[in-house]
$ cat final-v9.tsv   # TSV, C-alpha atoms (C1' of nucleotides)
chain	number	residue	atom	x	y	z
A	1	MET	CA	111.73	68.32	78.52
A	2	LYS	CA	108.29	68.05	76.96
A	3	THR	CA	108.19	70.61	74.17
A	4	ALA	CA	104.78	69.36	73.10
A	5	THR	CA	103.09	72.52	71.95
A	6	SER	CA	99.69	70.96	72.46
A	7	GLU	CA	100.25	70.82	76.20
A	8	ASN	CA	101.35	74.42	76.26
A	9	LYS	CA	98.47	75.93	74.35
A	10	GLY	CA	97.10	76.66	77.80
A	11	LEU	CA	100.25	78.52	78.72
A	12	ALA	CA	100.14	80.69	75.61
A	13	ARG	CA	96.50	81.52	76.20
A	14	LYS	CA	96.97	82.29	79.88
A	15	LEU	CA	99.87	84.56	79.04
A	16	ALA	CA	97.86	86.27	76.33
A	17	ASP	CA	94.98	86.75	78.75
A	18	SER	CA	97.34	88.81	80.88
A	19	GLY	CA	98.72	90.72	77.90
A	20	LEU	CA	101.95	88.73	77.91
A	21	ARG	CA	103.75	86.95	75.09
A	22	MET	CA	104.62	83.32	74.70
A	23	THR	CA	108.35	82.79	74.23
A	24	THR	CA	110.52	79.72	74.07
A	25	GLN	CA	112.17	80.76	77.35
A	26	ARG	CA	108.83	81.05	79.13
A	27	GLU	CA	107.68	77.70	77.82
A	28	HIS	CA	110.91	76.12	78.96
A	29	VAL	CA	110.83	77.68	82.44
A	30	TYR	CA	107.21	76.64	82.83
A	31	ASN	CA	107.99	73.05	81.87
A	32	THR	CA	110.91	73.08	84.28
A	33	LEU	CA	108.58	74.18	87.05
A	34	LEU	CA	106.00	71.52	86.25
A	35	GLU	CA	108.68	68.87	86.56
A	36	GLN	CA	109.69	70.16	89.98
A	37	THR	CA	107.36	70.08	92.95
A	38	ASP	CA	109.91	70.95	95.61
A	39	HIS	CA	109.20	74.68	95.76
A	40	PRO	CA	112.37	75.80	94.00
A	41	SER	CA	113.91	79.23	94.45
A	42	ALA	CA	114.51	81.48	91.47
A	43	ASP	CA	118.11	80.33	91.47
A	44	ASP	CA	117.01	76.68	91.50
A	45	VAL	CA	114.81	77.33	88.48
A	46	TYR	CA	117.64	79.19	86.78
A	47	LEU	CA	120.09	76.33	87.24
A	48	ARG	CA	117.61	73.71	86.08
A	49	ALA	CA	116.44	75.71	83.10
A	50	LYS	CA	120.05	76.50	82.19
A	51	ALA	CA	120.82	72.79	81.93
A	52	ASP	CA	118.69	72.50	78.78
A	53	MET	CA	118.95	76.14	77.66
A	54	PRO	CA	122.45	77.31	78.52
A	55	GLU	CA	122.05	80.86	77.26
A	56	ILE	CA	119.05	81.71	79.45
A	57	SER	CA	119.69	84.54	81.89
A	58	MET	CA	118.71	85.12	85.50
A	59	ALA	CA	116.83	88.24	84.49
A	60	THR	CA	114.71	86.19	82.11
A	61	VAL	CA	113.98	83.65	84.81
A	62	TYR	CA	112.78	86.39	87.14
A	63	ASN	CA	110.81	87.96	84.33
A	64	THR	CA	109.21	84.61	83.52
A	65	LEU	CA	108.42	83.78	87.14
A	66	ASP	CA	106.76	87.17	87.49
A	67	ALA	CA	104.81	86.51	84.30
A	68	LEU	CA	103.66	83.09	85.51
A	69	VAL	CA	102.60	84.55	88.85
A	70	LYS	CA	100.79	87.34	87.05
A	71	CYS	CA	98.75	84.95	84.93
A	72	GLY	CA	98.02	82.66	87.85
A	73	LEU	CA	99.97	79.57	86.82
A	74	ILE	CA	102.27	79.56	89.84
A	75	LYS	CA	102.35	81.17	93.26
A	76	GLN	CA	105.09	82.64	95.39
A	77	VAL	CA	105.55	80.88	98.71
A	78	ASN	CA	107.12	83.68	100.70
A	79	VAL	CA	105.87	86.84	99.21
A	80	GLU	CA	107.62	89.32	101.48
A	81	ARG	CA	109.98	91.10	99.16
A	82	SER	CA	111.13	93.82	101.51
A	83	ALA	CA	112.93	93.93	104.82
A	84	THR	CA	112.15	91.75	107.82
A	85	ARG	CA	109.88	93.56	110.27
A	86	TYR	CA	109.88	93.20	114.04
A	87	CYS	CA	107.05	93.03	116.55
A	88	SER	CA	107.08	93.54	120.31
A	89	ASN	CA	103.47	92.39	120.79
A	90	LEU	CA	103.98	88.98	122.41
A	91	LYS	CA	100.31	88.08	122.66
A	92	GLU	CA	99.16	85.50	120.16
A	93	HIS	CA	98.06	87.31	117.05
A	94	CYS	CA	98.63	87.46	113.34
A	95	HIS	CA	99.40	90.22	110.87
A	96	PHE	CA	97.46	92.11	108.26
A	97	PHE	CA	99.71	93.62	105.60
A	98	CYS	CA	98.18	96.50	103.67
A	99	GLU	CA	99.31	96.30	100.06
A	100	GLU	CA	98.45	99.97	99.49
A	101	CYS	CA	100.32	101.68	102.30
A	102	GLY	CA	102.65	98.93	103.51
A	103	ASN	CA	101.50	99.17	107.11
A	104	ILE	CA	101.13	96.07	109.23
A	105	HIS	CA	98.18	95.74	111.61
A	106	ASP	CA	97.82	93.18	114.36
A	107	VAL	CA	94.81	90.86	114.10
A	108	ASN	CA	93.67	88.76	117.06
A	109	PHE	CA	92.45	85.19	117.09
A	110	LYS	CA	89.02	84.26	118.32
A	111	LYS	CA	90.20	81.02	119.86
A	112	ASP	CA	93.43	79.13	120.10
A	113	LYS	CA	95.45	77.90	117.14
A	114	GLY	CA	94.28	74.35	117.80
A	115	ALA	CA	91.14	75.24	115.92
A	116	LEU	CA	92.89	75.70	112.61
A	117	PRO	CA	91.38	73.39	109.97
A	118	LEU	CA	94.66	71.88	108.86
A	119	ARG	CA	95.36	68.31	107.84
A	120	ILE	CA	98.95	68.04	109.01
A	121	PRO	CA	100.56	64.65	108.25
A	122	LYS	CA	101.78	62.86	111.36
A	123	HIS	CA	105.43	62.91	110.32
A	124	LEU	CA	105.42	66.73	110.27
A	125	ILE	CA	106.01	68.15	113.75
A	126	PRO	CA	104.94	71.78	113.88
A	127	THR	CA	106.59	74.20	116.30
A	128	GLN	CA	105.03	77.41	115.03
A	129	VAL	CA	102.07	78.43	112.91
A	130	ASP	CA	101.99	81.86	111.27
A	131	ILE	CA	98.98	83.39	109.61
A	132	SER	CA	99.46	86.44	107.46
A	133	ILE	CA	96.72	88.34	105.72
A	134	ARG	CA	97.15	90.63	102.74
A	135	GLY	CA	94.66	93.21	101.59
A	136	HIS	CA	94.02	96.88	102.09
A	137	CYS	CA	93.04	98.95	105.09
A	138	SER	CA	90.20	101.30	104.23
A	139	ASN	CA	90.65	103.60	107.18
A	140	PRO	CA	88.65	106.81	107.55
A	141	VAL	CA	92.13	108.35	107.40
A	142	ASN	CA	92.24	106.35	104.19
A	143	CYS	CA	95.41	104.38	104.26
A	144	PRO	CA	98.05	107.13	104.14
A	145	ASN	CA	101.11	106.28	102.14
A	146	ARG	CA	104.03	105.35	104.28
A	147	ALA	CA	106.89	107.80	104.65
A	148	GLU	CA	108.88	105.23	102.71
A	149	ASN	CA	111.32	102.41	103.55
B	1	MET	CA	114.31	107.74	126.23
B	2	LYS	CA	113.52	105.98	129.43
B	3	THR	CA	116.87	104.85	130.84
B	4	ALA	CA	115.17	103.72	134.03
B	5	THR	CA	117.22	100.68	134.94
B	6	SER	CA	114.41	99.36	137.10
B	7	GLU	CA	112.24	98.81	134.05
B	8	ASN	CA	115.06	97.02	132.28
B	9	LYS	CA	115.99	94.53	134.97
B	10	GLY	CA	113.76	92.19	133.04
B	11	LEU	CA	115.74	92.78	129.89
B	12	ALA	CA	119.07	92.06	131.60
B	13	ARG	CA	117.70	88.88	133.12
B	14	LYS	CA	116.12	87.68	129.88
B	15	LEU	CA	119.38	88.28	128.04
B	16	ALA	CA	121.33	86.48	130.76
B	17	ASP	CA	118.91	83.55	130.59
B	18	SER	CA	119.97	83.14	126.97
B	19	GLY	CA	123.66	83.58	127.74
B	20	LEU	CA	123.71	87.11	126.35
B	21	ARG	CA	125.03	90.32	127.86
B	22	MET	CA	123.24	93.51	128.72
B	23	THR	CA	124.79	96.52	126.98
B	24	THR	CA	123.76	100.15	126.70
B	25	GLN	CA	123.14	99.63	122.99
B	26	ARG	CA	120.80	96.71	123.62
B	27	GLU	CA	118.92	98.59	126.29
B	28	HIS	CA	118.55	101.55	123.98
B	29	VAL	CA	117.37	99.48	121.01
B	30	TYR	CA	114.90	97.64	123.22
B	31	ASN	CA	113.48	100.91	124.55
B	32	THR	CA	113.23	102.20	121.01
B	33	LEU	CA	111.25	99.11	120.04
B	34	LEU	CA	108.91	99.43	123.00
B	35	GLU	CA	108.10	102.98	121.95
B	36	GLN	CA	107.26	101.83	118.41
B	37	THR	CA	104.34	99.54	117.70
B	38	ASP	CA	104.35	99.91	113.93
B	39	HIS	CA	106.41	96.80	113.12
B	40	PRO	CA	109.59	98.65	112.16
B	41	SER	CA	112.22	97.20	109.87
B	42	ALA	CA	115.82	96.86	111.00
B	43	ASP	CA	116.57	100.08	109.16
B	44	ASP	CA	113.67	101.85	110.91
B	45	VAL	CA	115.05	100.74	114.24
B	46	TYR	CA	118.53	101.85	113.23
B	47	LEU	CA	117.40	105.33	112.26
B	48	ARG	CA	115.35	105.79	115.41
B	49	ALA	CA	118.02	104.43	117.73
B	50	LYS	CA	120.62	106.57	115.96
B	51	ALA	CA	118.66	109.71	116.83
B	52	ASP	CA	119.53	109.32	120.52
B	53	MET	CA	122.72	107.31	120.08
B	54	PRO	CA	124.44	108.64	116.96
B	55	GLU	CA	127.39	106.27	117.07
B	56	ILE	CA	125.33	103.06	117.00
B	57	SER	CA	125.94	100.89	113.94
B	58	MET	CA	123.67	98.85	111.71
B	59	ALA	CA	125.59	95.70	112.64
B	60	THR	CA	124.82	96.34	116.29
B	61	VAL	CA	121.16	96.86	115.54
B	62	TYR	CA	121.02	93.52	113.72
B	63	ASN	CA	122.97	91.88	116.51
B	64	THR	CA	120.58	93.31	119.09
B	65	LEU	CA	117.46	92.38	117.16
B	66	ASP	CA	118.76	88.82	116.88
B	67	ALA	CA	119.48	88.83	120.61
B	68	LEU	CA	115.99	90.08	121.46
B	69	VAL	CA	114.42	87.47	119.21
B	70	LYS	CA	116.62	84.81	120.79
B	71	CYS	CA	115.49	85.64	124.32
B	72	GLY	CA	111.86	85.95	123.28
B	73	LEU	CA	111.31	89.68	123.79
B	74	ILE	CA	110.39	90.40	120.21
B	75	LYS	CA	109.35	88.44	117.15
B	76	GLN	CA	110.16	88.66	113.49
B	77	VAL	CA	107.14	89.27	111.31
B	78	ASN	CA	108.43	87.81	108.06
B	79	VAL	CA	110.91	85.21	109.02
B	80	GLU	CA	111.89	84.01	105.58
B	81	ARG	CA	115.51	85.07	105.31
B	82	SER	CA	116.36	83.26	102.10
B	83	ALA	CA	115.14	83.43	98.54
B	84	THR	CA	111.51	83.52	97.47
B	85	ARG	CA	110.24	80.05	96.59
B	86	TYR	CA	107.69	79.17	93.93
B	87	CYS	CA	104.83	76.70	93.88
B	88	SER	CA	102.87	75.23	90.97
B	89	ASN	CA	100.27	73.53	93.18
B	90	LEU	CA	97.23	75.73	92.59
B	91	LYS	CA	94.90	73.90	94.95
B	92	GLU	CA	94.23	75.69	98.21
B	93	HIS	CA	96.87	74.61	100.68
B	94	CYS	CA	99.50	75.96	103.01
B	95	HIS	CA	103.17	75.25	103.56
B	96	PHE	CA	105.19	73.42	106.15
B	97	PHE	CA	108.79	74.62	106.29
B	98	CYS	CA	111.22	72.16	107.85
B	99	GLU	CA	113.80	74.08	109.87
B	100	GLU	CA	116.19	71.14	109.77
B	101	CYS	CA	116.42	70.39	106.08
B	102	GLY	CA	114.86	73.50	104.53
B	103	ASN	CA	112.32	71.53	102.53
B	104	ILE	CA	108.80	72.82	102.06
B	105	HIS	CA	105.86	70.42	102.23
B	106	ASP	CA	102.31	71.15	101.14
B	107	VAL	CA	99.63	70.85	103.84
B	108	ASN	CA	95.95	70.69	102.94
B	109	PHE	CA	93.03	72.37	104.65
B	110	LYS	CA	90.15	70.40	106.11
B	111	LYS	CA	87.59	73.00	105.16
B	112	ASP	CA	87.63	76.41	103.54
B	113	LYS	CA	89.44	79.46	104.85
B	114	GLY	CA	86.16	80.92	106.11
B	115	ALA	CA	86.58	78.75	109.16
B	116	LEU	CA	89.69	80.55	110.38
B	117	PRO	CA	89.12	81.89	113.90
B	118	LEU	CA	90.23	85.44	113.15
B	119	ARG	CA	88.82	88.66	114.48
B	120	ILE	CA	89.47	90.92	111.50
B	121	PRO	CA	88.41	94.54	112.05
B	122	LYS	CA	85.82	95.72	109.51
B	123	HIS	CA	88.08	98.39	108.02
B	124	LEU	CA	90.62	95.75	106.98
B	125	ILE	CA	89.65	94.18	103.65
B	126	PRO	CA	91.53	90.90	103.16
B	127	THR	CA	92.33	89.62	99.68
B	128	GLN	CA	94.58	86.70	100.64
B	129	VAL	CA	95.28	84.64	103.75
B	130	ASP	CA	98.50	82.67	104.03
B	131	ILE	CA	99.25	80.07	106.67
B	132	SER	CA	102.80	78.90	107.09
B	133	ILE	CA	103.94	76.27	109.52
B	134	ARG	CA	107.47	75.81	110.80
B	135	GLY	CA	108.81	72.70	112.46
B	136	HIS	CA	110.63	69.59	111.45
B	137	CYS	CA	109.76	66.64	109.26
B	138	SER	CA	110.59	63.37	110.96
B	139	ASN	CA	110.47	61.24	107.88
B	140	PRO	CA	111.51	57.58	107.91
B	141	VAL	CA	114.09	58.87	105.42
B	142	ASN	CA	114.81	61.24	108.29
B	143	CYS	CA	114.85	64.71	106.88
B	144	PRO	CA	117.87	64.57	104.55
B	145	ASN	CA	119.90	67.74	104.46
B	146	ARG	CA	119.24	69.81	101.42
B	147	ALA	CA	121.87	69.95	98.70
B	148	GLU	CA	122.13	73.61	99.61
B	149	ASN	CA	120.81	76.80	97.92
C	1	DC	C1'	106.57	96.74	62.02
C	2	DT	C1'	106.99	97.35	66.87
C	3	DA	C1'	105.91	96.56	71.67
C	4	DG	C1'	107.55	93.47	74.48
C	5	DG	C1'	111.17	90.13	75.65
C	6	DT	C1'	116.10	88.68	75.97
C	7	DG	C1'	121.03	88.57	77.71
C	8	DC	C1'	124.45	90.88	79.99
C	9	DA	C1'	126.38	93.42	83.48
C	10	DA	C1'	126.03	96.74	86.87
C	11	DA	C1'	123.33	98.51	90.76
C	12	DA	C1'	120.32	98.26	94.51
C	13	DG	C1'	118.45	96.70	98.81
C	14	DG	C1'	118.88	93.87	103.01
C	15	DT	C1'	121.85	91.19	105.82
C	16	DT	C1'	126.22	89.07	107.29
C	17	DT	C1'	131.06	88.93	108.23
C	18	DG	C1'	136.00	90.07	109.40
C	19	DC	C1'	138.72	92.75	112.20
C	20	DG	C1'	140.89	95.67	115.66
C	21	DG	C1'	139.44	97.95	119.65
C	22	DT	C1'	136.12	98.10	123.86
C	23	DT	C1'	133.44	96.50	127.81
C	24	DA	C1'	130.34	93.71	130.94
C	25	DA	C1'	130.67	90.33	134.29
D	1	DT	C1'	140.82	89.15	132.96
D	2	DT	C1'	138.55	87.78	128.93
D	3	DA	C1'	134.74	86.25	126.20
D	4	DA	C1'	131.35	88.83	124.34
D	5	DC	C1'	130.25	92.96	122.06
D	6	DC	C1'	131.07	97.30	119.46
D	7	DG	C1'	131.77	100.22	115.10
D	8	DC	C1'	133.32	100.22	110.58
D	9	DA	C1'	133.56	98.71	106.06
D	10	DA	C1'	133.63	95.27	102.81
D	11	DA	C1'	131.33	91.15	101.26
D	12	DC	C1'	127.28	88.55	100.17
D	13	DC	C1'	122.92	87.17	98.31
D	14	DT	C1'	118.70	88.05	96.09
D	15	DT	C1'	116.38	90.93	93.09
D	16	DT	C1'	115.99	94.94	89.93
D	17	DT	C1'	117.43	97.91	86.25
D	18	DG	C1'	119.54	99.98	81.95
D	19	DC	C1'	120.69	99.11	77.51
D	20	DA	C1'	121.38	97.25	72.88
D	21	DC	C1'	119.68	93.54	70.33
D	22	DC	C1'	115.96	90.26	69.07
D	23	DT	C1'	111.30	88.31	68.10
D	24	DA	C1'	106.24	87.12	68.58
D	25	DG	C1'	102.14	88.56	66.85

$ encode --input "final-v9.tsv" --output "structure tokens"
Amino acid sequence: MKTATSENKGLARKLADSGLRMTTQREHVYNTLLEQTDHPSADDVYLRAKADMPEISMATVYNTLDALVKCGLIKQVNVERSATRYCSNLKEHCHFFCEECGNIHDVNFKKDKGALPLRIPKHLIPTQVDISIRGHCSNPVNCPNRAEN
Amino acid sequence: MKTATSENKGLARKLADSGLRMTTQREHVYNTLLEQTDHPSADDVYLRAKADMPEISMATVYNTLDALVKCGLIKQVNVERSATRYCSNLKEHCHFFCEECGNIHDVNFKKDKGALPLRIPKHLIPTQVDISIRGHCSNPVNCPNRAEN
DNA sequence: CTAGGTGCAAAAGGTTTGCGGTTAA
DNA sequence: TTAACCGCAAACCTTTTGCACCTAG
């Protein structure tokens, strides 16, 4: 529970750079995250932060996590917020998710997945590798907004 | 609405191979999926299947989608069913998700992401590429079950 | 001073589950 | 015949939202 303000000058500045305020809750959640390298869920962070700051709320944790993502101090590991999508294309391919219209496009590999430049430790036995690309599709039809859902 | 049983012999056999039954609902959902290549969500599938089979339920659609995934006829695009996880490692890396214990391990790249063997069409403008690996971690400590969450 | 943040509690998706009735094999 | 499956509705889990109060700058 390092409350050393010197260490968190960076946090305050980063927040300010994104037009966000420094608060005691944000400082505390950020410190909690720095002490944990096990990719916690929002609920994990909430429980851990709550231990030292019992009155903190879930909404504040979500707010803070969003703020930290926004100013680049943390990243989300699985960024898909919406419903699971299904795919009947069984050929090896990956997916391009358009952040403007929400459509998903299939993208093919040039070679096989063996060519991926990954340094996988020997004690990790992979069974599946997924590549997902985010961006926008600048179609001539210009990325029509999805009906909804 | 192709109810041609000849085309769906494969479906019945694939289901049977996984110890699952062929039902009219599953055939209908599968045909619906084959007619749609836009990576529908479960709700999309439900609405479309409902058009020709008004009494079908959401639970059945989920059941069927699980069955089709189980026998390898479709795939899930974003497979993360649980909560979003957060990461404070800002170096370029990807994630290994252990399906046994639920832990996430960081995996480093050998080179930069430019080396990925992808054939991205020119009208798709990527802003972010994520690689996620699933498998199991055969640690000496032997993949301890997570507390929960 | 005031825009932005906080806590609480309720609502909103997406998915799962329990149950009585139905059906494929 | 019967284990598996169906439809329905309620429950569940994660995340978002509305609102009155509070606070950083």

$ calpha_fit_and_write --input "final-v9.tsv" --fixed "chain A" --moving "chain B" --output "short mmCIF file (atom, residue, chain, number, x, y, z; two decimals) with C-alpha atoms, keeping the file's coordinate frame"
data_model
loop_
_atom_site.label_atom_id
_atom_site.label_comp_id
_atom_site.auth_asym_id
_atom_site.auth_seq_id
_atom_site.Cartn_x
_atom_site.Cartn_y
_atom_site.Cartn_z
CA MET B 1 111.79 68.42 78.19
CA LYS B 2 108.32 68.19 76.83
CA THR B 3 108.13 70.77 74.04
CA ALA B 4 104.70 69.51 73.06
CA THR B 5 103.00 72.70 71.98
CA SER B 6 99.59 71.13 72.50
CA GLU B 7 100.17 70.97 76.24
CA ASN B 8 101.28 74.59 76.29
CA LYS B 9 98.37 76.15 74.44
CA GLY B 10 97.05 76.86 77.89
CA LEU B 11 100.22 78.67 78.81
CA ALA B 12 100.12 80.87 75.70
CA ARG B 13 96.49 81.73 76.32
CA LYS B 14 97.00 82.46 80.01
CA LEU B 15 99.93 84.73 79.18
CA ALA B 16 97.89 86.47 76.48
CA ASP B 17 95.02 86.96 78.92
CA SER B 18 97.42 89.00 81.04
CA GLY B 19 98.82 90.90 78.07
CA LEU B 20 102.04 88.89 78.07
CA ARG B 21 103.81 87.09 75.24
CA MET B 22 104.63 83.45 74.83
CA THR B 23 108.36 82.89 74.30
CA THR B 24 110.50 79.78 74.13
CA GLN B 25 112.17 80.81 77.38
CA ARG B 26 108.84 81.11 79.18
CA GLU B 27 107.65 77.79 77.86
CA HIS B 28 110.87 76.16 78.95
CA VAL B 29 110.81 77.68 82.44
CA TYR B 30 107.18 76.69 82.87
CA ASN B 31 107.93 73.10 81.85
CA THR B 32 110.85 73.07 84.24
CA LEU B 33 108.55 74.19 87.05
CA LEU B 34 105.94 71.56 86.23
CA GLU B 35 108.60 68.87 86.51
CA GLN B 36 109.65 70.15 89.95
CA THR B 37 107.32 70.02 92.92
CA ASP B 38 109.88 70.87 95.58
CA HIS B 39 109.19 74.62 95.77
CA PRO B 40 112.37 75.71 93.99
CA SER B 41 113.94 79.11 94.45
CA ALA B 42 114.56 81.39 91.48
CA ASP B 43 118.14 80.19 91.47
CA ASP B 44 117.00 76.54 91.48
CA VAL B 45 114.81 77.25 88.50
CA TYR B 46 117.66 79.07 86.77
CA LEU B 47 120.08 76.19 87.21
CA ARG B 48 117.58 73.61 86.04
CA ALA B 49 116.39 75.63 83.06
CA LYS B 50 120.01 76.38 82.15
CA ALA B 51 120.72 72.66 81.85
CA ASP B 52 118.57 72.43 78.71
CA MET B 53 118.87 76.05 77.62
CA PRO B 54 122.40 77.17 78.48
CA GLU B 55 122.02 80.73 77.23
CA ILE B 56 119.05 81.62 79.46
CA SER B 57 119.75 84.41 81.94
CA MET B 58 118.80 84.98 85.55
CA ALA B 59 116.96 88.16 84.56
CA THR B 60 114.81 86.15 82.18
CA VAL B 61 114.05 83.59 84.85
CA TYR B 62 112.89 86.35 87.21
CA ASN B 63 110.93 87.96 84.41
CA THR B 64 109.27 84.64 83.59
CA LEU B 65 108.50 83.79 87.20
CA ASP B 66 106.87 87.20 87.60
CA ALA B 67 104.89 86.58 84.41
CA LEU B 68 103.71 83.16 85.60
CA VAL B 69 102.69 84.59 88.95
CA LYS B 70 100.89 87.43 87.18
CA CYS B 71 98.79 85.08 85.05
CA GLY B 72 98.09 82.78 87.98
CA LEU B 73 100.01 79.68 86.90
CA ILE B 74 102.29 79.61 89.89
CA LYS B 75 102.43 81.18 93.33
CA GLN B 76 105.17 82.63 95.46
CA VAL B 77 105.62 80.85 98.75
CA ASN B 78 107.19 83.66 100.75
CA VAL B 79 105.94 86.81 99.24
CA GLU B 80 107.67 89.29 101.49
CA ARG B 81 110.09 91.02 99.15
CA SER B 82 111.22 93.77 101.49
CA ALA B 83 113.00 93.89 104.81
CA THR B 84 112.16 91.74 107.82
CA ARG B 85 109.86 93.57 110.22
CA TYR B 86 109.81 93.27 114.00
CA CYS B 87 106.98 93.11 116.50
CA SER B 88 106.96 93.69 120.26
CA ASN B 89 103.36 92.51 120.72
CA LEU B 90 103.88 89.15 122.42
CA LYS B 91 100.22 88.20 122.64
CA GLU B 92 99.12 85.57 120.16
CA HIS B 93 98.02 87.34 117.02
CA CYS B 94 98.61 87.46 113.30
CA HIS B 95 99.37 90.21 110.82
CA PHE B 96 97.43 92.06 108.19
CA PHE B 97 99.68 93.55 105.52
CA CYS B 98 98.13 96.41 103.56
CA GLU B 99 99.27 96.19 99.94
CA GLU B 100 98.40 99.83 99.36
CA CYS B 101 100.26 101.58 102.14
CA GLY B 102 102.61 98.84 103.37
CA ASN B 103 101.44 99.12 106.96
CA ILE B 104 101.08 96.04 109.12
CA HIS B 105 98.13 95.72 111.49
CA ASP B 106 97.77 93.19 114.28
CA VAL B 107 94.76 90.85 114.04
CA ASN B 108 93.64 88.79 117.02
CA PHE B 109 92.45 85.21 117.11
CA LYS B 110 89.02 84.25 118.37
CA LYS B 111 90.23 81.04 119.92
CA ASP B 112 93.51 79.17 120.13
CA LYS B 113 95.50 77.86 117.19
CA GLY B 114 94.30 74.32 117.89
CA ALA B 115 91.16 75.22 116.00
CA LEU B 116 92.94 75.66 112.68
CA PRO B 117 91.43 73.34 110.07
CA LEU B 118 94.72 71.82 108.94
CA ARG B 119 95.43 68.27 107.93
CA ILE B 120 99.04 68.00 109.09
CA PRO B 121 100.65 64.63 108.32
CA LYS B 122 101.89 62.85 111.46
CA HIS B 123 105.54 62.92 110.41
CA LEU B 124 105.51 66.73 110.34
CA ILE B 125 106.10 68.14 113.82
CA PRO B 126 105.03 71.80 113.94
CA THR B 127 106.66 74.23 116.35
CA GLN B 128 105.09 77.46 115.08
CA VAL B 129 102.11 78.44 112.94
CA ASP B 130 102.01 81.85 111.29
CA ILE B 131 98.99 83.38 109.62
CA SER B 132 99.47 86.41 107.44
CA ILE B 133 96.72 88.27 105.69
CA ARG B 134 97.14 90.55 102.69
CA GLY B 135 94.63 93.10 101.52
CA HIS B 136 93.96 96.75 102.00
CA CYS B 137 92.97 98.86 104.97
CA SER B 138 90.12 101.18 104.13
CA ASN B 139 90.54 103.48 107.06
CA PRO B 140 88.54 106.69 107.42
CA VAL B 141 92.02 108.22 107.29
CA ASN B 142 92.14 106.22 104.07
CA CYS B 143 95.33 104.25 104.11
CA PRO B 144 97.96 107.02 103.99
CA ASN B 145 100.98 106.18 101.91
CA ARG B 146 103.94 105.20 103.97
CA ALA B 147 106.83 107.62 104.30
CA GLU B 148 108.81 104.99 102.45
CA ASN B 149 111.40 102.40 103.61
#

$ interface_residues --input "final-v9.tsv" --of "chain A" --to "chain D" --cutoff "8 Å" --atoms "only C-alpha atoms (C1' of nucleotides)" --output "list in words"
Arg21, Met22 and Thr23 of chain A

$ closest_atom_pairs --input "final-v9.tsv" --of "chain A" --to "chain B" --cutoff "6 Å" --atoms "only C-alpha atoms" --output "JSON lines"
{"residue": "A:His39", "atom": "CA", "partner": "B:Tyr86", "partner_atom": "CA", "distance": 5.1}
{"residue": "A:Pro40", "atom": "CA", "partner": "B:Arg85", "partner_atom": "CA", "distance": 5.4}
{"residue": "A:Ser41", "atom": "CA", "partner": "B:Arg85", "partner_atom": "CA", "distance": 4.3}
{"residue": "A:Ile74", "atom": "CA", "partner": "B:Ser88", "partner_atom": "CA", "distance": 4.5}
{"residue": "A:Lys75", "atom": "CA", "partner": "B:Cys87", "partner_atom": "CA", "distance": 5.1}
{"residue": "A:Gln76", "atom": "CA", "partner": "B:Tyr86", "partner_atom": "CA", "distance": 4.6}
{"residue": "A:Val77", "atom": "CA", "partner": "B:Arg85", "partner_atom": "CA", "distance": 5.2}
{"residue": "A:Asn78", "atom": "CA", "partner": "B:Thr84", "partner_atom": "CA", "distance": 5.5}
{"residue": "A:Thr84", "atom": "CA", "partner": "B:Asn78", "partner_atom": "CA", "distance": 5.4}
{"residue": "A:Arg85", "atom": "CA", "partner": "B:Ser41", "partner_atom": "CA", "distance": 4.3}
{"residue": "A:Tyr86", "atom": "CA", "partner": "B:Gln76", "partner_atom": "CA", "distance": 4.6}
{"residue": "A:Cys87", "atom": "CA", "partner": "B:His39", "partner_atom": "CA", "distance": 5.1}
{"residue": "A:Ser88", "atom": "CA", "partner": "B:Ile74", "partner_atom": "CA", "distance": 4.6}
{"residue": "A:Val107", "atom": "CA", "partner": "B:Ile120", "partner_atom": "CA", "distance": 5.9}
{"residue": "A:Asn108", "atom": "CA", "partner": "B:Arg119", "partner_atom": "CA", "distance": 5.5}
{"residue": "A:Phe109", "atom": "CA", "partner": "B:Leu118", "partner_atom": "CA", "distance": 4.5}
{"residue": "A:Lys110", "atom": "CA", "partner": "B:Pro117", "partner_atom": "CA", "distance": 5.0}
{"residue": "A:Pro117", "atom": "CA", "partner": "B:Lys110", "partner_atom": "CA", "distance": 5.0}
{"residue": "A:Leu118", "atom": "CA", "partner": "B:Phe109", "partner_atom": "CA", "distance": 4.5}
{"residue": "A:Arg119", "atom": "CA", "partner": "B:Asn108", "partner_atom": "CA", "distance": 5.5}
{"residue": "A:Ile120", "atom": "CA", "partner": "B:Val107", "partner_atom": "CA", "distance": 5.9}
{"residue": "A:His123", "atom": "CA", "partner": "B:Ser138", "partner_atom": "CA", "distance": 5.2}
{"residue": "A:Leu124", "atom": "CA", "partner": "B:Cys137", "partner_atom": "CA", "distance": 4.5}
{"residue": "A:Ile125", "atom": "CA", "partner": "B:His136", "partner_atom": "CA", "distance": 5.4}
{"residue": "A:Pro126", "atom": "CA", "partner": "B:Gly135", "partner_atom": "CA", "distance": 4.2}
{"residue": "A:Thr127", "atom": "CA", "partner": "B:Gly135", "partner_atom": "CA", "distance": 4.7}
{"residue": "A:Gln128", "atom": "CA", "partner": "B:Arg134", "partner_atom": "CA", "distance": 5.1}
{"residue": "A:Val129", "atom": "CA", "partner": "B:Ile133", "partner_atom": "CA", "distance": 4.4}
{"residue": "A:Asp130", "atom": "CA", "partner": "B:Ser132", "partner_atom": "CA", "distance": 5.2}
{"residue": "A:Ile131", "atom": "CA", "partner": "B:Ile131", "partner_atom": "CA", "distance": 4.4}
{"residue": "A:Ser132", "atom": "CA", "partner": "B:Asp130", "partner_atom": "CA", "distance": 5.2}
{"residue": "A:Ile133", "atom": "CA", "partner": "B:Val129", "partner_atom": "CA", "distance": 4.4}
{"residue": "A:Arg134", "atom": "CA", "partner": "B:Gln128", "partner_atom": "CA", "distance": 5.1}
{"residue": "A:Gly135", "atom": "CA", "partner": "B:Pro126", "partner_atom": "CA", "distance": 4.2}
{"residue": "A:His136", "atom": "CA", "partner": "B:Ile125", "partner_atom": "CA", "distance": 5.4}
{"residue": "A:Cys137", "atom": "CA", "partner": "B:Leu124", "partner_atom": "CA", "distance": 4.4}
{"residue": "A:Ser138", "atom": "CA", "partner": "B:His123", "partner_atom": "CA", "distance": 5.2}
{"residue": "A:Asn139", "atom": "CA", "partner": "B:His123", "partner_atom": "CA", "distance": 5.9}
